[in-house]
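Engineer: Provided below: model-v3.txt, containing compact mmCIF, C-alpha atoms.
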```
# COMPACT_ATOMS: atom_id res chain seq x y z
CA MET A 1054 -25.21 27.43 25.39
CA PRO A 1055 -25.72 23.88 24.06
CA ASP A 1056 -22.68 22.09 22.69
CA LEU A 1057 -23.60 21.76 19.02
CA PRO A 1058 -21.84 19.19 16.83
CA ARG A 1059 -19.03 20.73 14.84
CA LYS A 1060 -19.81 21.00 11.14
CA LYS A 1061 -17.57 18.80 9.06
CA VAL A 1062 -17.29 17.84 5.43
CA GLY A 1063 -17.49 14.20 4.35
CA ILE A 1064 -15.11 13.13 1.60
CA ILE A 1065 -15.85 10.04 -0.45
CA ALA A 1066 -13.17 8.45 -2.65
CA CYS A 1067 -14.23 6.16 -5.46
CA SER A 1068 -11.16 4.08 -4.59
CA GLY A 1069 -11.39 2.30 -7.95
CA GLU A 1070 -8.77 -0.38 -7.53
CA GLU A 1071 -8.50 -1.16 -11.24
CA LEU A 1072 -7.23 2.28 -12.29
CA PRO A 1073 -4.25 4.43 -11.23
CA GLU A 1074 -6.72 7.31 -10.91
CA GLY A 1075 -8.72 5.31 -8.34
CA THR A 1076 -5.64 4.96 -6.18
CA ILE A 1077 -5.00 8.68 -6.65
CA THR A 1078 -8.46 9.45 -5.20
CA ARG A 1079 -7.72 7.30 -2.15
CA LEU A 1080 -4.33 8.85 -1.46
CA ALA A 1081 -5.62 12.38 -2.06
CA VAL A 1082 -8.53 11.89 0.34
CA LEU A 1083 -6.20 10.45 2.98
CA ARG A 1084 -3.92 13.47 2.60
CA VAL A 1085 -6.84 15.85 3.19
CA LEU A 1086 -8.09 13.80 6.16
CA HIS A 1087 -4.76 13.34 7.87
CA GLN A 1088 -2.66 16.33 6.85
CA LEU A 1089 -4.46 19.19 5.16
CA ARG A 1090 -7.82 19.49 6.96
CA PRO A 1091 -7.88 16.90 9.78
CA GLU A 1092 -10.22 18.97 11.99
CA ASP A 1093 -12.74 19.66 9.27
CA THR A 1094 -13.19 16.37 7.45
CA VAL A 1095 -14.31 12.78 7.84
CA THR A 1096 -14.33 10.04 5.27
CA ILE A 1097 -17.26 7.92 4.22
CA CYS A 1098 -16.85 4.47 2.79
CA LEU A 1099 -18.72 4.22 -0.51
CA PRO A 1100 -19.57 0.48 -0.32
CA LEU A 1101 -20.94 1.04 3.19
CA PHE A 1102 -23.75 3.10 1.69
CA MET A 1103 -24.89 -0.01 -0.09
CA ALA A 1104 -24.02 -2.51 2.62
CA GLY A 1105 -26.25 -0.75 5.11
CA GLY A 1106 -24.03 1.82 6.80
CA GLU A 1107 -26.89 3.89 8.17
CA GLY A 1108 -24.53 6.19 10.08
CA ASP A 1109 -22.69 7.03 6.87
CA ARG A 1110 -25.93 7.58 4.97
CA ASN A 1111 -27.23 9.89 7.68
CA PHE A 1112 -24.01 11.88 7.82
CA ALA A 1113 -24.17 12.55 4.09
CA ARG A 1114 -27.80 13.67 4.45
CA MET A 1115 -26.94 16.13 7.22
CA PHE A 1116 -23.54 17.48 6.22
CA PRO A 1117 -21.93 18.55 2.93
CA THR A 1118 -19.89 15.97 1.05
CA ILE A 1119 -17.25 16.02 -1.67
CA ALA A 1120 -17.05 13.08 -4.08
CA VAL A 1121 -13.56 12.40 -5.43
CA ASP A 1122 -13.76 10.17 -8.49
CA GLY A 1123 -11.06 8.63 -10.62
CA CYS A 1124 -12.93 8.52 -13.91
CA GLU A 1125 -15.98 9.73 -15.76
CA LYS A 1126 -18.15 6.97 -14.34
CA GLN A 1127 -18.16 8.98 -11.09
CA CYS A 1128 -19.18 6.09 -8.85
CA ALA A 1129 -18.56 8.09 -5.68
CA PHE A 1130 -20.69 11.02 -6.81
CA HIS A 1131 -23.56 8.96 -8.17
CA GLY A 1132 -23.39 6.40 -5.35
CA THR A 1133 -23.63 9.10 -2.71
CA GLU A 1134 -26.50 10.74 -4.55
CA LYS A 1135 -28.30 7.42 -4.98
CA TYR A 1136 -28.01 6.16 -1.43
CA SER A 1137 -27.90 9.38 0.55
CA LYS A 1138 -27.84 12.90 -0.89
CA ARG A 1139 -26.29 14.71 -3.84
CA PRO A 1140 -22.71 15.74 -2.94
CA ALA A 1141 -22.04 19.45 -2.57
CA ALA A 1142 -19.04 19.12 -4.89
CA GLY A 1143 -17.35 16.62 -7.14
CA ILE A 1144 -13.78 16.22 -8.37
CA VAL A 1145 -12.83 13.93 -11.26
CA VAL A 1146 -9.13 13.04 -11.43
CA THR A 1147 -9.03 12.33 -15.17
CA ASP A 1148 -10.48 15.80 -15.80
CA LEU A 1149 -7.92 17.42 -13.50
CA ILE A 1150 -5.06 15.62 -15.24
CA ALA A 1151 -6.31 16.84 -18.62
CA GLN A 1152 -6.95 20.41 -17.43
CA HIS A 1153 -3.45 20.73 -15.94
CA GLY A 1154 -1.66 18.90 -18.72
CA LEU A 1155 -0.18 16.30 -16.37
CA GLU A 1156 1.39 13.11 -17.64
CA GLN A 1157 -0.73 9.99 -17.60
CA PRO A 1158 -0.25 8.29 -14.21
CA TYR A 1159 0.83 4.69 -14.00
CA GLY A 1160 0.56 2.13 -11.23
CA CYS A 1161 -2.53 0.94 -9.39
CA ARG A 1162 -0.83 -0.25 -6.25
CA LYS A 1163 1.72 2.54 -5.99
CA PRO A 1164 1.40 5.59 -8.22
CA ASP A 1165 4.46 6.81 -10.12
CA ALA A 1166 5.77 10.40 -10.01
CA ALA A 1167 3.01 11.62 -12.34
CA GLY A 1168 0.45 9.92 -10.13
CA MET A 1169 1.86 11.58 -7.01
CA ARG A 1170 1.62 14.98 -8.72
CA ALA A 1171 -2.03 14.21 -9.41
CA VAL A 1172 -2.49 13.21 -5.75
CA GLU A 1173 -1.13 16.59 -4.65
CA LEU A 1174 -3.28 18.51 -7.10
CA THR A 1175 -6.41 16.58 -6.16
CA ALA A 1176 -5.77 16.91 -2.43
CA ASN A 1177 -5.19 20.66 -2.66
CA LEU A 1178 -8.37 21.16 -4.67
CA ALA A 1179 -10.35 19.07 -2.20
CA ALA A 1180 -8.92 21.04 0.74
CA ASP A 1181 -9.85 24.34 -0.95
CA THR A 1182 -13.34 22.97 -1.56
CA VAL A 1183 -13.64 22.02 2.13
CA ASP A 1184 -12.79 25.62 3.04
CA GLU A 1185 -15.40 26.96 0.65
CA LEU A 1186 -18.09 24.64 2.00
CA LEU A 1187 -17.30 25.62 5.59
CA GLY A 1188 -17.12 29.33 4.77
CA LYS A 1189 -13.43 29.44 5.60
CA ALA A 1190 -12.09 30.29 2.15
CA GLY A 1191 -9.73 33.27 2.12
CA ARG A 1192 -9.55 33.48 5.91
CA MET B 1300 -17.04 -20.32 -21.69
CA ASN B 1301 -18.36 -21.80 -18.47
CA SER B 1302 -17.73 -20.35 -15.02
CA SER B 1303 -15.04 -22.88 -14.10
CA SER B 1304 -12.72 -21.88 -16.94
CA ARG B 1305 -13.02 -18.17 -16.25
CA LYS B 1306 -10.70 -16.12 -14.11
CA VAL B 1307 -11.55 -15.97 -10.44
CA ALA B 1308 -12.95 -12.61 -9.35
CA ILE B 1309 -10.95 -11.10 -6.50
CA VAL B 1310 -13.03 -8.49 -4.68
CA PRO B 1311 -11.28 -6.54 -1.91
CA CYS B 1312 -12.73 -4.10 0.60
CA SER B 1313 -12.47 -0.41 -0.36
CA GLY B 1314 -12.17 0.90 3.17
CA ILE B 1315 -9.72 3.72 3.83
CA GLY B 1316 -10.32 4.20 7.53
CA LYS B 1317 -8.08 1.46 8.91
CA PRO B 1318 -4.96 -0.48 7.86
CA TYR B 1319 -7.00 -3.66 7.38
CA GLY B 1320 -8.69 -2.20 4.31
CA THR B 1321 -5.29 -1.47 2.83
CA VAL B 1322 -4.12 -5.00 3.66
CA SER B 1323 -7.11 -6.38 1.73
CA ARG B 1324 -6.26 -4.27 -1.32
CA VAL B 1325 -2.54 -5.04 -1.27
CA ALA B 1326 -3.32 -8.76 -1.00
CA ALA B 1327 -5.66 -8.44 -3.99
CA TYR B 1328 -2.96 -6.69 -6.03
CA LEU B 1329 -0.39 -9.35 -5.09
CA VAL B 1330 -2.69 -12.12 -6.31
CA THR B 1331 -3.93 -10.46 -9.48
CA GLU B 1332 -0.69 -8.73 -10.57
CA ASN B 1333 2.10 -10.97 -9.25
CA ASP B 1334 1.01 -14.42 -8.12
CA ARG B 1335 -1.91 -15.56 -10.32
CA PRO B 1336 -2.41 -12.88 -13.00
CA GLY B 1337 -3.68 -15.34 -15.58
CA ARG B 1338 -6.17 -16.93 -13.24
CA SER B 1339 -7.60 -13.97 -11.36
CA ARG B 1340 -9.07 -10.57 -12.01
CA LEU B 1341 -9.44 -7.70 -9.57
CA VAL B 1342 -12.98 -6.34 -9.29
CA PRO B 1343 -13.41 -2.81 -7.91
CA LEU B 1344 -16.14 -2.64 -5.32
CA ALA B 1345 -17.31 0.85 -6.31
CA LEU B 1346 -18.29 -0.39 -9.75
CA LEU B 1347 -20.27 -3.25 -8.26
CA VAL B 1348 -22.02 -0.80 -5.93
CA MET B 1349 -23.03 1.24 -8.94
CA GLY B 1350 -24.19 -1.75 -10.95
CA ASP B 1351 -21.54 -1.54 -13.67
CA GLU B 1352 -22.65 -3.85 -16.47
CA GLU B 1353 -19.27 -5.34 -17.40
CA TYR B 1354 -18.09 -6.12 -13.89
CA GLY B 1355 -21.56 -7.15 -12.74
CA ARG B 1356 -21.75 -9.71 -15.53
CA PHE B 1357 -18.23 -10.95 -14.84
CA VAL B 1358 -19.00 -11.46 -11.14
CA ALA B 1359 -22.33 -13.13 -11.87
CA GLU B 1360 -20.67 -15.59 -14.25
CA SER B 1361 -17.50 -16.27 -12.25
CA ARG B 1362 -16.34 -17.71 -8.99
CA ALA B 1363 -15.38 -15.02 -6.51
CA ILE B 1364 -13.06 -14.64 -3.56
CA THR B 1365 -13.99 -11.74 -1.32
CA ILE B 1366 -11.57 -10.00 1.03
CA ASP B 1367 -13.16 -7.98 3.81
CA GLY B 1368 -11.34 -5.60 6.09
CA CYS B 1369 -13.98 -5.37 8.81
CA PRO B 1370 -17.04 -7.25 10.11
CA LEU B 1371 -19.41 -5.17 7.95
CA ALA B 1372 -18.20 -7.36 5.07
CA CYS B 1373 -19.10 -4.95 2.27
CA ALA B 1374 -17.22 -6.97 -0.36
CA THR B 1375 -19.06 -10.19 0.47
CA LYS B 1376 -22.44 -8.46 0.64
CA MET B 1377 -21.92 -6.74 -2.69
CA VAL B 1378 -20.86 -9.92 -4.48
CA ARG B 1379 -23.91 -11.74 -3.11
CA GLN B 1380 -26.08 -8.86 -4.25
CA SER B 1381 -24.52 -9.16 -7.71
CA ASN B 1382 -25.43 -12.88 -7.80
CA GLY B 1383 -21.80 -13.92 -7.62
CA ARG B 1384 -20.71 -17.40 -6.55
CA ILE B 1385 -18.38 -16.94 -3.60
CA VAL B 1386 -15.90 -19.77 -3.20
CA ARG B 1387 -14.09 -18.20 -0.25
CA GLU B 1388 -14.87 -15.31 2.07
CA CYS B 1389 -11.53 -14.05 3.32
CA SER B 1390 -11.25 -11.76 6.31
CA VAL B 1391 -8.14 -9.74 7.07
CA MET B 1392 -8.96 -10.11 10.78
CA GLU B 1393 -8.92 -13.90 10.55
CA THR B 1394 -5.55 -13.88 8.81
CA PHE B 1395 -4.33 -11.44 11.44
CA ARG B 1396 -5.41 -13.88 14.19
CA ARG B 1397 -3.22 -16.52 12.57
CA HIS B 1398 -0.30 -14.08 12.46
CA ARG B 1399 -0.59 -12.15 15.70
CA GLU B 1400 3.10 -11.31 15.62
CA LEU B 1401 2.38 -8.91 12.75
CA LYS B 1402 1.13 -5.43 13.70
CA PRO B 1403 -0.11 -3.70 10.55
CA GLN B 1404 0.00 0.08 10.56
CA GLY B 1405 -0.47 2.76 7.94
CA ILE B 1406 -3.31 3.34 5.50
CA ALA B 1407 -1.81 5.21 2.55
CA GLU B 1408 1.24 2.99 2.88
CA LEU B 1409 1.53 -0.12 5.03
CA ASN B 1410 4.43 -0.74 7.37
CA GLU B 1411 6.54 -3.86 6.95
CA ASP B 1412 4.24 -5.96 9.13
CA GLY B 1413 1.25 -4.82 7.09
CA GLU B 1414 2.98 -5.87 3.89
CA LYS B 1415 3.81 -9.25 5.42
CA LEU B 1416 0.21 -9.72 6.53
CA ALA B 1417 -0.94 -8.90 2.99
CA GLU B 1418 1.54 -11.47 1.62
CA ALA B 1419 0.22 -14.11 4.03
CA LEU B 1420 -3.35 -13.35 2.97
CA ALA B 1421 -2.36 -13.43 -0.71
CA GLN B 1422 -0.80 -16.87 -0.22
CA GLU B 1423 -4.04 -18.14 1.31
CA ILE B 1424 -5.91 -16.84 -1.74
CA ASP B 1425 -3.32 -18.33 -4.11
CA ALA B 1426 -3.95 -21.71 -2.47
CA VAL B 1427 -7.71 -21.41 -3.01
CA ILE B 1428 -7.15 -20.57 -6.68
CA ASP B 1429 -4.73 -23.49 -7.06
CA THR B 1430 -7.32 -25.83 -5.56
CA LEU B 1431 -9.93 -24.58 -8.00
CA ILE B 1432 -7.52 -25.11 -10.90
CA SER B 1433 -6.64 -28.65 -9.82
CA GLN B 1434 -10.32 -29.50 -9.40
CA GLU B 1435 -10.93 -28.12 -12.89
CA GLU B 1436 -8.09 -30.11 -14.40
CA GLY B 1437 -9.10 -33.24 -12.52
CA GLY B 1438 -12.65 -32.79 -13.73
CA SER B 1439 -11.66 -32.27 -17.35
CA HIS B 1440 -9.45 -35.37 -17.35
CA ALA B 1441 -11.96 -37.65 -15.68
```
Could you write out this structure as structure tokens?
Structural biologist:
Amino acid sequence: MPDLPRKKVGIIACSGEELPEGTITRLAVLRVLHQLRPEDTVTICLPLFMAGGEGDRNFARMFPTIAVDGCEKQCAFHGTEKYSKRPAAGIVVTDLIAQHGLEQPYGCRKPDAAGMRAVELTANLAADTVDELLGKAGR
Amino acid sequence: MNSSSRKVAIVPCSGIGKPYGTVSRVAAYLVTENDRPGRSRLVPLALLVMGDEEYGRFVAESRAITIDGCPLACATKMVRQSNGRIVRECSVMETFRRHRELKPQGIAELNEDGEKLAEALAQEIDAVIDTLISQEEGGSHA
């Protein structure tokens, strides 16, 4: 039987350096990649789409992706859609914070306690979404 | 307001795959938040990628210092594409070559060497900004 490539999910953080929520996306994505679902995920660098990262563009055309955005501008979602393919799912941190009644996070370089709660929430939602996309939910 | 009296745009890499991307961001925060807050402004790369009007206009009308974490140089390419005037293209790798004793590790959080490398890079950027300021002041007094 041929050795087929393992299906993985690409996760794209907006990484918006000017907002605490941008840093939250980065830390949440790293937590999914390194701790929660290391076997099932890869990351894609958003600026690489634009700067000519053909490998990244092709991955996002072939495999499902999750865009994790800090704000309503949704650069990761729209950037992935524009340069590759519409993401299978999108998470917006400001929406999550509002939905769960979390305190407003503070700190772009290092999030405060409220920011770290948002990181945890975002990472867990992204990990659950990975499971759904790979058909592993509830297993 | 002409471009010389504006804040300098500091545009770091957004990479999250290696410590060098984090070093570029930490250096950018050190410059814009601690060292030269009145003379510099951090520009998020994602917004440039998406053609954000406010940041695109700021970059097009300002002088920019780019900080790239890898040879793909996304920050530099994006600023050029946004018609920005780059006064210095910084590379974390080049700073690392000047400080080989430092071994940066960690992406979510840098180790001590990574923080020191970011500080060294920030000081190089501070010096570029200071040179621009002195040229400005020299020019206005001439």
Engineer: Can you work out which residues from chain A touch chain B at a cut-off of 9 Å (counting only C-alpha atoms) and hand them back as an mmCIF file with C-alpha atoms, keeping the file's coordinate frame?
Structural biologist:
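The result, stored in selection04.cif:
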```
data_model
loop_
_atom_site.group_PDB
_atom_site.id
_atom_site.type_symbol
_atom_site.label_atom_id
_atom_site.label_comp_id
_atom_site.auth_asym_id
_atom_site.auth_seq_id
_atom_site.Cartn_x
_atom_site.Cartn_y
_atom_site.Cartn_z
ATOM 1 C CA ALA A 1066 -13.170 8.450 -2.650
ATOM 2 C CA CYS A 1067 -14.230 6.160 -5.460
ATOM 3 C CA SER A 1068 -11.160 4.080 -4.590
ATOM 4 C CA GLY A 1069 -11.390 2.300 -7.950
ATOM 5 C CA GLU A 1070 -8.770 -0.380 -7.530
ATOM 6 C CA GLU A 1071 -8.500 -1.160 -11.240
ATOM 7 C CA ARG A 1079 -7.720 7.300 -2.150
ATOM 8 C CA LEU A 1080 -4.330 8.850 -1.460
ATOM 9 C CA VAL A 1082 -8.530 11.890 0.340
ATOM 10 C CA LEU A 1083 -6.200 10.450 2.980
ATOM 11 C CA ARG A 1084 -3.920 13.470 2.600
ATOM 12 C CA THR A 1096 -14.330 10.040 5.270
ATOM 13 C CA ILE A 1097 -17.260 7.920 4.220
ATOM 14 C CA CYS A 1098 -16.850 4.470 2.790
ATOM 15 C CA LEU A 1099 -18.720 4.220 -0.510
ATOM 16 C CA PRO A 1100 -19.570 0.480 -0.320
ATOM 17 C CA LEU A 1101 -20.940 1.040 3.190
ATOM 18 C CA PHE A 1102 -23.750 3.100 1.690
ATOM 19 C CA MET A 1103 -24.890 -0.010 -0.090
ATOM 20 C CA ALA A 1104 -24.020 -2.510 2.620
ATOM 21 C CA GLY A 1105 -26.250 -0.750 5.110
ATOM 22 C CA GLY A 1106 -24.030 1.820 6.800
ATOM 23 C CA LYS A 1126 -18.150 6.970 -14.340
ATOM 24 C CA CYS A 1128 -19.180 6.090 -8.850
ATOM 25 C CA ALA A 1129 -18.560 8.090 -5.680
ATOM 26 C CA HIS A 1131 -23.560 8.960 -8.170
ATOM 27 C CA GLY A 1132 -23.390 6.400 -5.350
ATOM 28 C CA CYS A 1161 -2.530 0.940 -9.390
ATOM 29 C CA ARG A 1162 -0.830 -0.250 -6.250
ATOM 30 C CA LYS A 1163 1.720 2.540 -5.990
#
```
Engineer: What's the 12 Å shell around Glu1134 (chain A), counting only C-alpha atoms, without same-chain residues fewer than 6 positions away, as a list in words?
Structural biologist: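 The filter keeps Ile1065, Leu1099, Phe1102, Met1103, Arg1110, Ala1113, Arg1114, Pro1117, Thr1118, Ile1119, Ala1120, Gln1127, Cys1128, Pro1140, Ala1141, Ala1142 and Gly1143 of chain A; Met1349 of chain B.
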Engineer: Could you list, as number ranges by chain, every residue within 8 Å of region 1146-1155 of chain A, counting all atoms listed in the file and ignoring same-chain residues fewer than 2 positions away?
Structural biologist: A: 1074, 1077-1078, 1121-1125, 1144, 1157, 1167, 1170-1171, 1174-1175
Engineer: Please measure the separation of CA of Val1378 (chain B) and CA of Glu1353 (chain B), giving the value in Å to one decimal.
Structural biologist: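 Computing it gives 13.8 Å between the two atoms.
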Engineer: Do you have the CA of Ala1359 (chain B)-CA of Asn1382 (chain B) distance handy?
Structural biologist: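 Separating CA of Ala1359 (chain B) from CA of Asn1382 (chain B) is a distance of 5.1 Å.
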Engineer: Which value, in Å to one decimal, gives the distance between CA of Asp1165 (chain A) and CA of Ala1081 (chain A)?
Structural biologist: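 According to the coordinates, CA of Asp1165 (chain A) and CA of Ala1081 (chain A) are separated by 14.1 Å.
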Engineer: If you count all atoms listed in the file, which residues fall within 7 Å of region 1414-1427 of chain B, apart from same-chain ones fewer than 3 positions away, as a ChimeraX atom specification?
Structural biologist: /B:1322-1323,1325-1327,1329-1330,1335,1394-1395,1401,1409-1411,1430-1431
Engineer: Write out as a PDB file with C-alpha atoms, keeping the file's coordinate frame which residues come within 7 Å of region 1179-1188 of chain A when counting all atoms listed in the file, dropping same-chain ones fewer than 6 positions away.
Structural biologist:
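The result, written out as result_13.pdb:
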```
ATOM      1  CA  VAL A1062     -17.290  17.840   5.430  1.00  0.00           C
ATOM      2  CA  VAL A1085      -6.840  15.850   3.190  1.00  0.00           C
ATOM      3  CA  LEU A1089      -4.460  19.190   5.160  1.00  0.00           C
ATOM      4  CA  ARG A1090      -7.820  19.490   6.960  1.00  0.00           C
TER       5      ARG A1090
END
```
Engineer: Please determine, counting all atoms listed in the file, which residue among A:Ala1176, A:Pro1158, A:Lys1060, A:Pro1164 has the shortest atom-to-atom distance to Leu1086 (chain A).
Structural biologist: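 With all atoms listed in the file as the atom set, the closest residue is A:Ala1176.
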Engineer: Output requested as a short mmCIF file (atom, residue, chain, number, x, y, z; two decimals), in the coordinates of the input - region 1322-1353 of chain B, filled out with N, CA and C atoms.
Structural biologist:
```cif
data_model
loop_
_atom_site.label_atom_id
_atom_site.label_comp_id
_atom_site.auth_asym_id
_atom_site.auth_seq_id
_atom_site.Cartn_x
_atom_site.Cartn_y
_atom_site.Cartn_z
N VAL B 1322 -4.65 -3.63 3.75
CA VAL B 1322 -4.12 -5.00 3.66
C VAL B 1322 -4.94 -5.81 2.65
N SER B 1323 -6.26 -5.63 2.67
CA SER B 1323 -7.11 -6.38 1.73
C SER B 1323 -6.78 -6.00 0.28
N ARG B 1324 -6.57 -4.72 0.05
CA ARG B 1324 -6.26 -4.27 -1.32
C ARG B 1324 -4.89 -4.75 -1.77
N VAL B 1325 -3.90 -4.62 -0.89
CA VAL B 1325 -2.54 -5.04 -1.27
C VAL B 1325 -2.53 -6.54 -1.57
N ALA B 1326 -3.24 -7.31 -0.75
CA ALA B 1326 -3.32 -8.76 -1.00
C ALA B 1326 -3.95 -9.02 -2.37
N ALA B 1327 -4.99 -8.26 -2.69
CA ALA B 1327 -5.66 -8.44 -3.99
C ALA B 1327 -4.71 -8.10 -5.14
N TYR B 1328 -3.93 -7.04 -4.98
CA TYR B 1328 -2.96 -6.69 -6.03
C TYR B 1328 -1.88 -7.77 -6.17
N LEU B 1329 -1.43 -8.30 -5.03
CA LEU B 1329 -0.39 -9.35 -5.09
C LEU B 1329 -0.89 -10.56 -5.88
N VAL B 1330 -2.13 -10.95 -5.62
CA VAL B 1330 -2.69 -12.12 -6.31
C VAL B 1330 -2.88 -11.83 -7.79
N THR B 1331 -3.52 -10.70 -8.09
CA THR B 1331 -3.93 -10.46 -9.48
C THR B 1331 -2.79 -9.94 -10.37
N GLU B 1332 -1.79 -9.28 -9.75
CA GLU B 1332 -0.69 -8.73 -10.57
C GLU B 1332 0.56 -9.61 -10.54
N ASN B 1333 0.84 -10.24 -9.39
CA ASN B 1333 2.10 -10.97 -9.25
C ASN B 1333 1.94 -12.48 -9.26
N ASP B 1334 1.03 -12.98 -8.39
CA ASP B 1334 1.01 -14.42 -8.12
C ASP B 1334 0.21 -15.22 -9.16
N ARG B 1335 -1.02 -14.79 -9.43
CA ARG B 1335 -1.91 -15.56 -10.32
C ARG B 1335 -2.59 -14.63 -11.33
N PRO B 1336 -1.79 -13.85 -12.09
CA PRO B 1336 -2.41 -12.88 -13.00
C PRO B 1336 -3.27 -13.51 -14.09
N GLY B 1337 -2.91 -14.70 -14.51
CA GLY B 1337 -3.68 -15.34 -15.58
C GLY B 1337 -4.94 -16.02 -15.10
N ARG B 1338 -5.05 -16.18 -13.81
CA ARG B 1338 -6.17 -16.93 -13.24
C ARG B 1338 -7.10 -16.08 -12.39
N SER B 1339 -6.78 -14.81 -12.24
CA SER B 1339 -7.60 -13.97 -11.36
C SER B 1339 -7.77 -12.58 -11.96
N ARG B 1340 -8.82 -11.92 -11.53
CA ARG B 1340 -9.07 -10.57 -12.01
C ARG B 1340 -9.61 -9.73 -10.86
N LEU B 1341 -9.01 -8.57 -10.65
CA LEU B 1341 -9.44 -7.70 -9.57
C LEU B 1341 -10.75 -7.01 -9.95
N VAL B 1342 -11.69 -7.00 -9.04
CA VAL B 1342 -12.98 -6.34 -9.29
C VAL B 1342 -13.14 -5.19 -8.30
N PRO B 1343 -13.25 -3.95 -8.81
CA PRO B 1343 -13.41 -2.81 -7.91
C PRO B 1343 -14.82 -2.76 -7.32
N LEU B 1344 -14.85 -2.59 -6.02
CA LEU B 1344 -16.14 -2.64 -5.32
C LEU B 1344 -17.07 -1.49 -5.72
N ALA B 1345 -16.47 -0.32 -5.97
CA ALA B 1345 -17.31 0.85 -6.31
C ALA B 1345 -18.14 0.58 -7.56
N LEU B 1346 -17.55 -0.11 -8.52
CA LEU B 1346 -18.29 -0.39 -9.75
C LEU B 1346 -19.41 -1.39 -9.51
N LEU B 1347 -19.19 -2.33 -8.60
CA LEU B 1347 -20.27 -3.25 -8.26
C LEU B 1347 -21.40 -2.50 -7.55
N VAL B 1348 -21.01 -1.60 -6.65
CA VAL B 1348 -22.02 -0.80 -5.93
C VAL B 1348 -22.90 -0.06 -6.92
N MET B 1349 -22.27 0.43 -7.97
CA MET B 1349 -23.03 1.24 -8.94
C MET B 1349 -23.65 0.41 -10.05
N GLY B 1350 -23.53 -0.89 -9.96
CA GLY B 1350 -24.19 -1.75 -10.95
C GLY B 1350 -23.56 -1.71 -12.32
N ASP B 1351 -22.23 -1.56 -12.38
CA ASP B 1351 -21.54 -1.54 -13.67
C ASP B 1351 -21.82 -2.85 -14.43
N GLU B 1352 -22.20 -2.70 -15.69
CA GLU B 1352 -22.65 -3.85 -16.47
C GLU B 1352 -21.55 -4.89 -16.67
N GLU B 1353 -20.36 -4.41 -17.09
CA GLU B 1353 -19.27 -5.34 -17.40
C GLU B 1353 -18.83 -6.14 -16.16
#
```
